[in-house]
>>> print(open('data-v4.pdb').read())   # PDB, C-alpha atoms, pLDDT in the B column
ATOM      1  CA  MET K1482     129.664 120.289  85.429  1.00 65.00           C
ATOM      2  CA  ILE K1483     127.888 116.933  85.212  1.00 76.00           C
ATOM      3  CA  SER K1484     125.552 116.561  82.229  1.00 87.00           C
ATOM      4  CA  LEU K1485     123.701 113.256  82.191  1.00 91.00           C
ATOM      5  CA  PRO K1486     123.308 111.339  78.937  1.00 93.00           C
ATOM      6  CA  SER K1487     119.844 111.748  77.447  1.00 92.00           C
ATOM      7  CA  SER K1488     117.380 108.871  77.167  1.00 90.00           C
ATOM      8  CA  ASP K1489     118.330 108.660  73.474  1.00 92.00           C
ATOM      9  CA  GLU K1490     122.004 108.315  74.349  1.00 95.00           C
ATOM     10  CA  TRP K1491     121.518 105.887  77.282  1.00 95.00           C
ATOM     11  CA  SER K1492     118.405 103.716  77.105  1.00 93.00           C
ATOM     12  CA  PHE K1493     116.812 101.187  79.455  1.00 90.00           C
ATOM     13  CA  GLY K1494     114.388 100.122  76.715  1.00 88.00           C
ATOM     14  CA  GLU K1495     115.109  96.406  77.116  1.00 86.00           C
ATOM     15  CA  PHE K1496     114.471  96.447  80.876  1.00 84.00           C
ATOM     16  CA  GLU K1497     111.245  95.492  82.632  1.00 86.00           C
ATOM     17  CA  PRO K1498     108.979  98.558  83.071  1.00 89.00           C
ATOM     18  CA  GLU K1499     109.352  98.625  86.845  1.00 87.00           C
ATOM     19  CA  TRP K1500     113.154  98.431  86.566  1.00 85.00           C
ATOM     20  CA  GLN K1501     113.167 101.138  83.899  1.00 87.00           C
ATOM     21  CA  ALA K1502     111.166 103.439  86.137  1.00 88.00           C
ATOM     22  CA  TYR K1503     113.510 102.965  89.071  1.00 86.00           C
ATOM     23  CA  LEU K1504     116.716 103.491  87.101  1.00 88.00           C
ATOM     24  CA  GLY K1505     115.149 106.446  85.340  1.00 87.00           C
ATOM     25  CA  ARG K1506     115.045 108.365  88.630  1.00 83.00           C
ATOM     26  CA  ASP K1507     118.708 109.247  87.981  1.00 86.00           C
ATOM     27  CA  MET K1508     119.822 109.422  91.610  1.00 92.00           C
ATOM     28  CA  HIS K1509     122.857 111.697  91.966  1.00 95.00           C
ATOM     29  CA  PHE K1510     126.085 109.712  92.307  1.00 97.00           C
ATOM     30  CA  ASP K1511     127.154 111.373  95.576  1.00 97.00           C
ATOM     31  CA  GLU K1512     123.818 110.522  97.199  1.00 96.00           C
ATOM     32  CA  MET K1513     124.009 106.980  95.842  1.00 96.00           C
ATOM     33  CA  ALA K1514     127.568 106.439  97.082  1.00 98.00           C
ATOM     34  CA  LYS K1515     126.723 107.651 100.587  1.00 98.00           C
ATOM     35  CA  ARG K1516     123.718 105.351 100.763  1.00 97.00           C
ATOM     36  CA  ILE K1517     125.809 102.402  99.535  1.00 97.00           C
ATOM     37  CA  ALA K1518     128.399 103.083 102.224  1.00 98.00           C
ATOM     38  CA  ASP K1519     125.673 103.215 104.881  1.00 97.00           C
ATOM     39  CA  VAL K1520     124.018  99.889 104.041  1.00 97.00           C
ATOM     40  CA  ALA K1521     126.999  97.904 102.711  1.00 97.00           C
ATOM     41  CA  VAL K1522     128.086  94.764 104.515  1.00 98.00           C
ATOM     42  CA  VAL K1523     131.577  93.499 103.746  1.00 98.00           C
ATOM     43  CA  ASN K1524     131.018  90.021 102.375  1.00 96.00           C
ATOM     44  CA  THR K1525     134.568  88.814 101.726  1.00 97.00           C
ATOM     45  CA  GLY K1526     138.109  90.164 101.728  1.00 97.00           C
ATOM     46  CA  CYS K1527     141.499  88.784 100.856  1.00 97.00           C
ATOM     47  CA  VAL K1528     145.036  89.448  99.726  1.00 98.00           C
ATOM     48  CA  ASP K1529     144.890  88.956  95.966  1.00 96.00           C
ATOM     49  CA  THR K1530     148.182  88.040  94.290  1.00 96.00           C
ATOM     50  CA  LEU K1531     148.908  89.287  90.779  1.00 93.00           C
ATOM     51  CA  ARG K1532     148.145  86.504  88.302  1.00 86.00           C
ATOM     52  CA  VAL K1533     150.060  87.834  85.315  1.00 85.00           C
ATOM     53  CA  GLU K1534     153.804  88.239  84.851  1.00 84.00           C
ATOM     54  CA  ASN K1535     155.291  91.343  86.397  1.00 84.00           C
ATOM     55  CA  PRO K1536     158.823  92.098  85.177  1.00 85.00           C
ATOM     56  CA  GLU K1537     159.329  94.488  88.091  1.00 84.00           C
ATOM     57  CA  ALA K1538     159.052  91.974  90.953  1.00 88.00           C
ATOM     58  CA  PRO K1539     159.475  88.254  91.732  1.00 89.00           C
ATOM     59  CA  VAL K1540     156.535  85.960  91.034  1.00 87.00           C
ATOM     60  CA  ASP K1541     153.765  85.934  93.672  1.00 91.00           C
ATOM     61  CA  THR K1542     155.014  89.009  95.539  1.00 95.00           C
ATOM     62  CA  THR K1543     152.801  91.714  93.992  1.00 96.00           C
ATOM     63  CA  TRP K1544     149.410  91.986  95.648  1.00 97.00           C
ATOM     64  CA  ARG K1545     146.322  94.066  96.332  1.00 98.00           C
ATOM     65  CA  ALA K1546     143.468  94.101  98.818  1.00 98.00           C
ATOM     66  CA  TRP K1547     140.238  92.747  97.322  1.00 98.00           C
ATOM     67  CA  PHE K1548     136.839  92.979  98.992  1.00 98.00           C
ATOM     68  CA  THR K1549     133.282  92.245  97.992  1.00 96.00           C
ATOM     69  CA  ILE K1550     130.466  94.160  99.581  1.00 97.00           C
ATOM     70  CA  SER K1551     126.834  93.102  99.742  1.00 96.00           C
ATOM     71  CA  LEU K1552     123.911  95.468  99.249  1.00 95.00           C
ATOM     72  CA  ALA K1553     121.347  92.738  99.871  1.00 91.00           C
ATOM     73  CA  ASP K1554     119.228  95.066 102.026  1.00 88.00           C
ATOM     74  CA  GLU K1555     118.811  97.459  99.090  1.00 89.00           C
ATOM     75  CA  LEU K1556     119.404  95.553  95.861  1.00 83.00           C
ATOM     76  CA  CYS K1557     118.353  98.553  93.806  1.00 86.00           C
ATOM     77  CA  LEU K1558     121.501 100.404  94.854  1.00 91.00           C
ATOM     78  CA  ALA K1559     123.739  97.902  93.054  1.00 90.00           C
ATOM     79  CA  ASP K1560     121.698  98.423  89.898  1.00 88.00           C
ATOM     80  CA  LEU K1561     121.879 102.201  90.170  1.00 91.00           C
ATOM     81  CA  PHE K1562     125.614 102.073  90.832  1.00 94.00           C
ATOM     82  CA  TYR K1563     126.422 100.039  87.726  1.00 92.00           C
ATOM     83  CA  ASN K1564     123.547 100.700  85.328  1.00 91.00           C
ATOM     84  CA  GLY K1565     122.233 104.173  86.198  1.00 93.00           C
ATOM     85  CA  ARG K1566     122.929 107.220  84.043  1.00 95.00           C
ATOM     86  CA  ASP K1567     124.635 108.874  87.007  1.00 96.00           C
ATOM     87  CA  GLY K1568     126.123 105.635  88.312  1.00 96.00           C
ATOM     88  CA  LEU K1569     129.797 104.755  88.106  1.00 97.00           C
ATOM     89  CA  ARG K1570     129.727 103.918  84.409  1.00 96.00           C
ATOM     90  CA  GLY K1571     127.653 107.028  83.836  1.00 96.00           C
ATOM     91  CA  ARG K1572     130.465 109.064  85.382  1.00 97.00           C
ATOM     92  CA  TYR K1573     132.999 107.369  83.110  1.00 98.00           C
ATOM     93  CA  TRP K1574     130.672 108.135  80.201  1.00 97.00           C
ATOM     94  CA  GLN K1575     131.113 111.793  81.187  1.00 96.00           C
ATOM     95  CA  SER K1576     134.904 111.615  81.232  1.00 97.00           C
ATOM     96  CA  GLU K1577     137.841 109.634  82.536  1.00 97.00           C
ATOM     97  CA  THR K1578     138.376 112.270  85.231  1.00 97.00           C
ATOM     98  CA  GLU K1579     134.787 112.114  86.489  1.00 97.00           C
ATOM     99  CA  GLY K1580     134.874 108.320  86.502  1.00 98.00           C
ATOM    100  CA  ASN K1581     138.092 108.164  88.485  1.00 98.00           C
ATOM    101  CA  ALA K1582     136.788 110.766  90.958  1.00 98.00           C
ATOM    102  CA  ALA K1583     133.596 108.745  91.492  1.00 98.00           C
ATOM    103  CA  THR K1584     135.647 105.610  92.074  1.00 98.00           C
ATOM    104  CA  ALA K1585     137.836 107.343  94.650  1.00 98.00           C
ATOM    105  CA  LEU K1586     134.786 108.732  96.453  1.00 98.00           C
ATOM    106  CA  MET K1587     133.127 105.318  96.668  1.00 98.00           C
ATOM    107  CA  ILE K1588     136.240 103.675  98.104  1.00 98.00           C
ATOM    108  CA  ALA K1589     136.825 106.529 100.550  1.00 98.00           C
ATOM    109  CA  LEU K1590     133.285 106.225 101.895  1.00 98.00           C
ATOM    110  CA  LEU K1591     133.728 102.464 102.376  1.00 98.00           C
ATOM    111  CA  ARG K1592     137.236 102.670 103.806  1.00 98.00           C
ATOM    112  CA  GLU K1593     136.317 102.356 107.495  1.00 98.00           C
ATOM    113  CA  LYS K1594     134.200  99.241 106.958  1.00 98.00           C
ATOM    114  CA  LEU K1595     136.825  97.627 104.729  1.00 98.00           C
ATOM    115  CA  LEU K1596     139.663  98.234 107.182  1.00 98.00           C
ATOM    116  CA  GLN K1597     137.612  96.952 110.093  1.00 98.00           C
ATOM    117  CA  PHE K1598     136.926  93.747 108.174  1.00 98.00           C
ATOM    118  CA  ALA K1599     140.620  93.375 107.332  1.00 98.00           C
ATOM    119  CA  ALA K1600     141.674  93.931 110.944  1.00 97.00           C
ATOM    120  CA  GLU K1601     139.175  91.352 112.173  1.00 97.00           C
ATOM    121  CA  ASN K1602     140.129  88.696 109.619  1.00 97.00           C
ATOM    122  CA  ILE K1603     143.701  87.769 110.448  1.00 94.00           C
ATOM    123  CA  TYR K1604     143.555  84.612 108.333  1.00 95.00           C
ATOM    124  CA  SER K1605     143.015  86.747 105.223  1.00 97.00           C
ATOM    125  CA  PHE K1606     145.173  89.780 106.053  1.00 97.00           C
ATOM    126  CA  GLY K1607     147.452  88.703 108.904  1.00 96.00           C
ATOM    127  CA  SER K1608     151.182  88.088 109.296  1.00 95.00           C
ATOM    128  CA  ALA K1609     151.107  84.883 107.231  1.00 95.00           C
ATOM    129  CA  THR K1610     149.891  86.833 104.175  1.00 97.00           C
ATOM    130  CA  LEU K1611     151.599  89.377 101.955  1.00 96.00           C
ATOM    131  CA  ALA K1612     149.774  92.079 103.933  1.00 97.00           C
ATOM    132  CA  HIS K1613     151.758  91.042 107.033  1.00 96.00           C
ATOM    133  CA  GLY K1614     148.869  92.194 109.199  1.00 96.00           C
ATOM    134  CA  ASP K1615     149.786  95.801 108.389  1.00 97.00           C
ATOM    135  CA  MET K1616     146.639  97.855 107.904  1.00 97.00           C
ATOM    136  CA  GLY K1617     148.803 100.645 106.509  1.00 97.00           C
ATOM    137  CA  LEU K1618     149.548  98.415 103.531  1.00 98.00           C
ATOM    138  CA  VAL K1619     145.847  97.714 103.050  1.00 98.00           C
ATOM    139  CA  VAL K1620     145.176 101.474 103.133  1.00 98.00           C
ATOM    140  CA  ARG K1621     147.928 102.027 100.571  1.00 98.00           C
ATOM    141  CA  SER K1622     146.294  99.514  98.242  1.00 98.00           C
ATOM    142  CA  LEU K1623     142.841 101.085  98.630  1.00 98.00           C
ATOM    143  CA  GLU K1624     144.196 104.578  98.012  1.00 98.00           C
ATOM    144  CA  GLY K1625     146.308 103.663  94.986  1.00 98.00           C
ATOM    145  CA  THR K1626     145.573 105.431  91.716  1.00 97.00           C
ATOM    146  CA  SER K1627     144.454 102.188  90.064  1.00 98.00           C
ATOM    147  CA  ALA K1628     142.105 101.059  92.864  1.00 98.00           C
ATOM    148  CA  LYS K1629     138.618 100.408  91.516  1.00 98.00           C
ATOM    149  CA  SER K1630     135.020  99.605  92.342  1.00 97.00           C
ATOM    150  CA  TRP K1631     132.854  97.647  89.928  1.00 94.00           C
ATOM    151  CA  ALA K1632     130.119  95.059  89.603  1.00 90.00           C
ATOM    152  CA  TYR K1633     131.131  91.723  91.135  1.00 88.00           C
ATOM    153  CA  GLU K1634     133.529  89.768  88.885  1.00 80.00           C
ATOM    154  CA  GLY K1635     134.491  86.809  91.098  1.00 73.00           C
ATOM    155  CA  LYS K1636     133.162  83.266  90.932  1.00 63.00           C
ATOM    156  CA  ASN K1637     129.624  83.094  89.558  1.00 56.00           C
ATOM    157  CA  PRO K1638     129.434  86.809  88.723  1.00 54.00           C
ATOM    158  CA  ASN K1639     125.983  88.316  88.500  1.00 55.00           C
ATOM    159  CA  TYR K1640     126.297  89.295  84.834  1.00 57.00           C
ATOM    160  CA  LYS K1641     123.325  88.230  82.713  1.00 57.00           C
ATOM    161  CA  GLU K1642     122.875  88.266  78.949  1.00 57.00           C
ATOM    162  CA  LYS K1643     119.620  90.244  79.253  1.00 69.00           C
ATOM    163  CA  PRO K1644     118.302  92.822  79.829  1.00 73.00           C
ATOM    164  CA  ARG K1645     120.933  94.943  78.171  1.00 80.00           C
ATOM    165  CA  LEU K1646     121.778  98.601  78.119  1.00 87.00           C
ATOM    166  CA  VAL K1647     121.732 100.598  74.912  1.00 91.00           C
ATOM    167  CA  VAL K1648     124.344 103.373  74.979  1.00 95.00           C
ATOM    168  CA  LYS K1649     124.964 104.970  71.585  1.00 96.00           C
ATOM    169  CA  ARG K1650     128.664 105.746  71.933  1.00 96.00           C
ATOM    170  CA  TRP K1651     129.488 102.308  73.251  1.00 95.00           C
ATOM    171  CA  MET K1652     127.246 100.639  70.685  1.00 94.00           C
ATOM    172  CA  ASN K1653     129.083 102.436  67.886  1.00 95.00           C
ATOM    173  CA  ASN K1654     132.535 101.674  69.258  1.00 95.00           C
ATOM    174  CA  SER K1655     131.928  98.133  70.542  1.00 92.00           C
ATOM    175  CA  PRO K1656     128.620  96.704  69.238  1.00 88.00           C
ATOM    176  CA  GLY K1657     128.953  93.314  70.929  1.00 80.00           C
ATOM    177  CA  GLY K1658     130.928  94.392  73.989  1.00 82.00           C
ATOM    178  CA  ASN K1659     130.504  93.254  77.581  1.00 82.00           C
ATOM    179  CA  TRP K1660     129.267  96.745  78.461  1.00 85.00           C
ATOM    180  CA  ARG K1661     125.769  95.727  77.330  1.00 83.00           C
ATOM    181  CA  ARG K1662     125.352  93.307  80.230  1.00 79.00           C
ATOM    182  CA  ALA K1663     123.503  94.879  83.134  1.00 76.00           C
ATOM    183  CA  PRO K1664     124.023  92.767  86.256  1.00 71.00           C
ATOM    184  CA  LYS K1665     121.243  92.796  88.795  1.00 70.00           C
ATOM    185  CA  GLY K1666     122.560  91.480  92.071  1.00 77.00           C
ATOM    186  CA  PRO K1667     123.715  92.352  95.560  1.00 89.00           C
ATOM    187  CA  LEU K1668     127.503  92.308  95.227  1.00 92.00           C
ATOM    188  CA  LEU K1669     130.083  94.917  94.249  1.00 95.00           C
ATOM    189  CA  ASP K1670     133.850  94.488  93.994  1.00 96.00           C
ATOM    190  CA  ILE K1671     136.325  96.817  95.665  1.00 98.00           C
ATOM    191  CA  LYS K1672     139.812  96.097  94.353  1.00 98.00           C
ATOM    192  CA  GLY K1673     142.822  97.988  95.610  1.00 98.00           C
ATOM    193  CA  ALA K1674     145.881  98.841  93.559  1.00 98.00           C
ATOM    194  CA  PHE K1675     148.635  96.246  93.178  1.00 97.00           C
ATOM    195  CA  PHE K1676     151.911  96.999  94.952  1.00 97.00           C
ATOM    196  CA  THR K1677     155.310  95.354  94.644  1.00 96.00           C
ATOM    197  CA  PRO K1678     157.482  94.501  97.686  1.00 94.00           C
ATOM    198  CA  ASN K1679     159.423  97.729  97.158  1.00 93.00           C
ATOM    199  CA  SER K1680     156.218  99.770  97.578  1.00 93.00           C
ATOM    200  CA  LYS K1681     155.757 100.583  93.898  1.00 95.00           C
ATOM    201  CA  GLU K1682     152.243 100.613  92.473  1.00 97.00           C
ATOM    202  CA  TYR K1683     152.007  98.240  89.536  1.00 96.00           C
ATOM    203  CA  ILE K1684     149.274  98.455  86.894  1.00 96.00           C
ATOM    204  CA  PRO K1685     149.032  95.456  84.543  1.00 93.00           C
ATOM    205  CA  TRP K1686     149.506  96.401  80.905  1.00 92.00           C
ATOM    206  CA  ASP K1687     145.930  95.538  79.932  1.00 91.00           C
ATOM    207  CA  LYS K1688     144.568  97.938  82.578  1.00 94.00           C
ATOM    208  CA  ARG K1689     146.750 100.994  81.952  1.00 95.00           C
ATOM    209  CA  GLU K1690     144.091 102.559  79.711  1.00 97.00           C
ATOM    210  CA  ARG K1691     141.173 101.378  81.851  1.00 97.00           C
ATOM    211  CA  ALA K1692     139.518 104.777  82.367  1.00 98.00           C
ATOM    212  CA  TYR K1693     139.789 105.636  78.679  1.00 97.00           C
ATOM    213  CA  ASN K1694     138.402 102.235  77.681  1.00 96.00           C
ATOM    214  CA  ILE K1695     135.385 102.567  79.970  1.00 97.00           C
ATOM    215  CA  HIS K1696     134.734 106.095  78.690  1.00 97.00           C
ATOM    216  CA  ARG K1697     134.944 105.055  75.046  1.00 97.00           C
ATOM    217  CA  TYR K1698     133.808 101.413  75.121  1.00 95.00           C
ATOM    218  CA  GLY K1699     131.881 101.048  78.395  1.00 93.00           C
ATOM    219  CA  PHE K1700     134.073  98.208  79.685  1.00 91.00           C
ATOM    220  CA  SER K1701     137.698  97.322  80.230  1.00 89.00           C
TER     221      SER K1701
END
>>> encode(input="data-v4.pdb", output="structure tokens")
Amino acid sequence: MISLPSSDEWSFGEFEPEWQAYLGRDMHFDEMAKRIADVAVVNTGCVDTLRVENPEAPVDTTWRAWFTISLADELCLADLFYNGRDGLRGRYWQSETEGNAATALMIALLREKLLQFAAENIYSFGSATLAHGDMGLVVRSLEGTSAKSWAYEGKNPNYKEKPRLVVKRWMNNSPGGNWRRAPKGPLLDIKGAFFTPNSKEYIPWDKRERAYNIHRYGFS
């Protein structure tokens, strides 16, 4: 059963009063995810090639589907998703299992829009790419165990130094960590799992404990 962190455990004290009041509504994650899926507009999408060495496949052959979605029509949803006590990080605060389940739900709700974008953007997902124009491969990436949704981390990410969250567990375990940044912006990342040419999911070494790291440290 979900038990939200208390205001002592998860504080918006550094936020502007109006922002505090909105985030303090504690919208249920399922409701939030459904609303995000309804209003989301797919902003970009591409085949993203693994940038670190993979001993299990030739260079530049391991890839994932990577999309950004815009919530410009309801900016508050992006804040709730990333910063709210029952947002995605709030679910990882609960447990690794709850965080992974929330991630899978968010991607499942967005799946139709993401696949439509991929099918309509041959330059980014067509035969000349590692996706080979095969939407089945895009689905495989989105449904992989290491697929994730998160605040936008591409060029010019919307992370700001302030205001910052105060979460006791994360403060104790990682006082100066990136978890304190509370981005306020319209974009979210949807990143599929990496797959090798022989259809094997590949998780980079620094991301194999991602769920645990978010649960314990608030960031990975």
>>> closest_residue(input="data-v4.pdb", among="K:Ser1627, K:Thr1610, K:Asn1564, K:Ser1701", to="Phe1676 of chain K", atoms="all atoms listed in the file")
K:Ser1627
>>> axis_aligned_box(input="data-v4.pdb", around="segment 1487-1506 of chain K", padding_each_side="3 Å", output="lines of an AutoDock Vina configuration file")
center_x = 115.5
center_y = 103.6
center_z = 81.3
size_x = 19.0
size_y = 22.3
size_z = 21.6
>>> residues_around(input="data-v4.pdb", residues="Gly1673 of chain K", least_positions_apart="3", cutoff="9 Å", atoms="only C-alpha atoms", output="list of chain:residue names")
K:Trp1544, K:Arg1545, K:Ala1546, K:Trp1547, K:Phe1548, K:Val1619, K:Val1620, K:Arg1621, K:Ser1622, K:Leu1623, K:Glu1624, K:Gly1625, K:Thr1626, K:Ser1627, K:Ala1628, K:Lys1629, K:Ser1630
>>> resolve_selection(input="data-v4.pdb", expression="the PyMOL selection byres ((chain K and resi 1677) around 8)", output="ChimeraX atom specification")
/K:1537-1538,1542-1544,1675-1676,1678-1683
>>> residues_near_point(input="data-v4.pdb", point="(122.2, 99.3, 97.3)", cutoff="12 Å", atoms="all atoms listed in the file", output="ChimeraX atom specification")
/K:1508,1512-1522,1550-1563,1568,1632,1665-1669
>>> closest_atom_pairs(input="data-v4.pdb", of="segment 1587-1666 of chain K", to="segment 1487-1493 of chain K", cutoff="7 Å", atoms="only C-alpha atoms", output="Markdown table")
| residue | atom | partner | partner_atom | distance |
| --- | --- | --- | --- | --- |
| K:Leu1646 | CA | K:Phe1493 | CA | 5.8 |
| K:Val1647 | CA | K:Ser1492 | CA | 5.1 |
| K:Val1648 | CA | K:Trp1491 | CA | 4.4 |
| K:Lys1649 | CA | K:Glu1490 | CA | 5.3 |
>>> atom_distance(input="data-v4.pdb", atom1="atom CA of Leu1586 of chain K", atom2="atom CA of Gly1699 of chain K")
19.8 Å
>>> resolve_selection(input="data-v4.pdb", expression="the PyMOL selection byres ((chain K and resi 1685-1688) around 8)", output="VMD selection string")
chain K and resid 1533 1535 1683 to 1684 1689 to 1691 1701
>>> atom_distance(input="data-v4.pdb", atom1="atom CA of Arg1650 of chain K", atom2="atom CA of Leu1569 of chain K")
16.2 Å
>>> build_atoms(input="data-v4.pdb", residues="segment 1550-1563 of chain K", atoms="N, CA and C atoms", output="mmCIF file, in the frame of the given file")
data_model
loop_
_atom_site.group_PDB
_atom_site.id
_atom_site.type_symbol
_atom_site.label_atom_id
_atom_site.label_comp_id
_atom_site.auth_asym_id
_atom_site.auth_seq_id
_atom_site.Cartn_x
_atom_site.Cartn_y
_atom_site.Cartn_z
ATOM 1 N N ILE K 1550 131.465 93.648 98.648
ATOM 2 C CA ILE K 1550 130.466 94.160 99.581
ATOM 3 C C ILE K 1550 129.087 93.729 99.104
ATOM 4 N N SER K 1551 128.196 93.514 100.057
ATOM 5 C CA SER K 1551 126.834 93.102 99.742
ATOM 6 C C SER K 1551 125.871 94.249 100.033
ATOM 7 N N LEU K 1552 124.968 94.475 99.084
ATOM 8 C CA LEU K 1552 123.911 95.468 99.249
ATOM 9 C C LEU K 1552 122.560 94.757 99.271
ATOM 10 N N ALA K 1553 122.544 93.583 99.890
ATOM 11 C CA ALA K 1553 121.347 92.738 99.871
ATOM 12 C C ALA K 1553 120.132 93.438 100.470
ATOM 13 N N ASP K 1554 120.349 94.364 101.406
ATOM 14 C CA ASP K 1554 119.228 95.066 102.026
ATOM 15 C C ASP K 1554 118.590 96.092 101.095
ATOM 16 N N GLU K 1555 119.346 96.515 100.084
ATOM 17 C CA GLU K 1555 118.811 97.459 99.090
ATOM 18 C C GLU K 1555 119.400 97.115 97.726
ATOM 19 N N LEU K 1556 118.871 96.041 97.133
ATOM 20 C CA LEU K 1556 119.404 95.553 95.861
ATOM 21 C C LEU K 1556 119.414 96.635 94.784
ATOM 22 N N CYS K 1557 118.458 97.528 94.834
ATOM 23 C CA CYS K 1557 118.353 98.553 93.806
ATOM 24 C C CYS K 1557 119.600 99.422 93.737
ATOM 25 N N LEU K 1558 120.306 99.556 94.852
ATOM 26 C CA LEU K 1558 121.501 100.404 94.854
ATOM 27 C C LEU K 1558 122.593 99.840 93.951
ATOM 28 N N ALA K 1559 122.736 98.509 93.934
ATOM 29 C CA ALA K 1559 123.739 97.902 93.054
ATOM 30 C C ALA K 1559 123.411 98.180 91.599
ATOM 31 N N ASP K 1560 122.116 98.135 91.263
ATOM 32 C CA ASP K 1560 121.698 98.423 89.898
ATOM 33 C C ASP K 1560 121.980 99.875 89.531
ATOM 34 N N LEU K 1561 121.623 100.790 90.433
ATOM 35 C CA LEU K 1561 121.879 102.201 90.170
ATOM 36 C C LEU K 1561 123.368 102.475 90.007
ATOM 37 N N PHE K 1562 124.174 101.849 90.853
ATOM 38 C CA PHE K 1562 125.614 102.073 90.832
ATOM 39 C C PHE K 1562 126.213 101.677 89.487
ATOM 40 N N TYR K 1563 125.791 100.551 88.948
ATOM 41 C CA TYR K 1563 126.422 100.039 87.726
ATOM 42 C C TYR K 1563 125.675 100.435 86.458
#
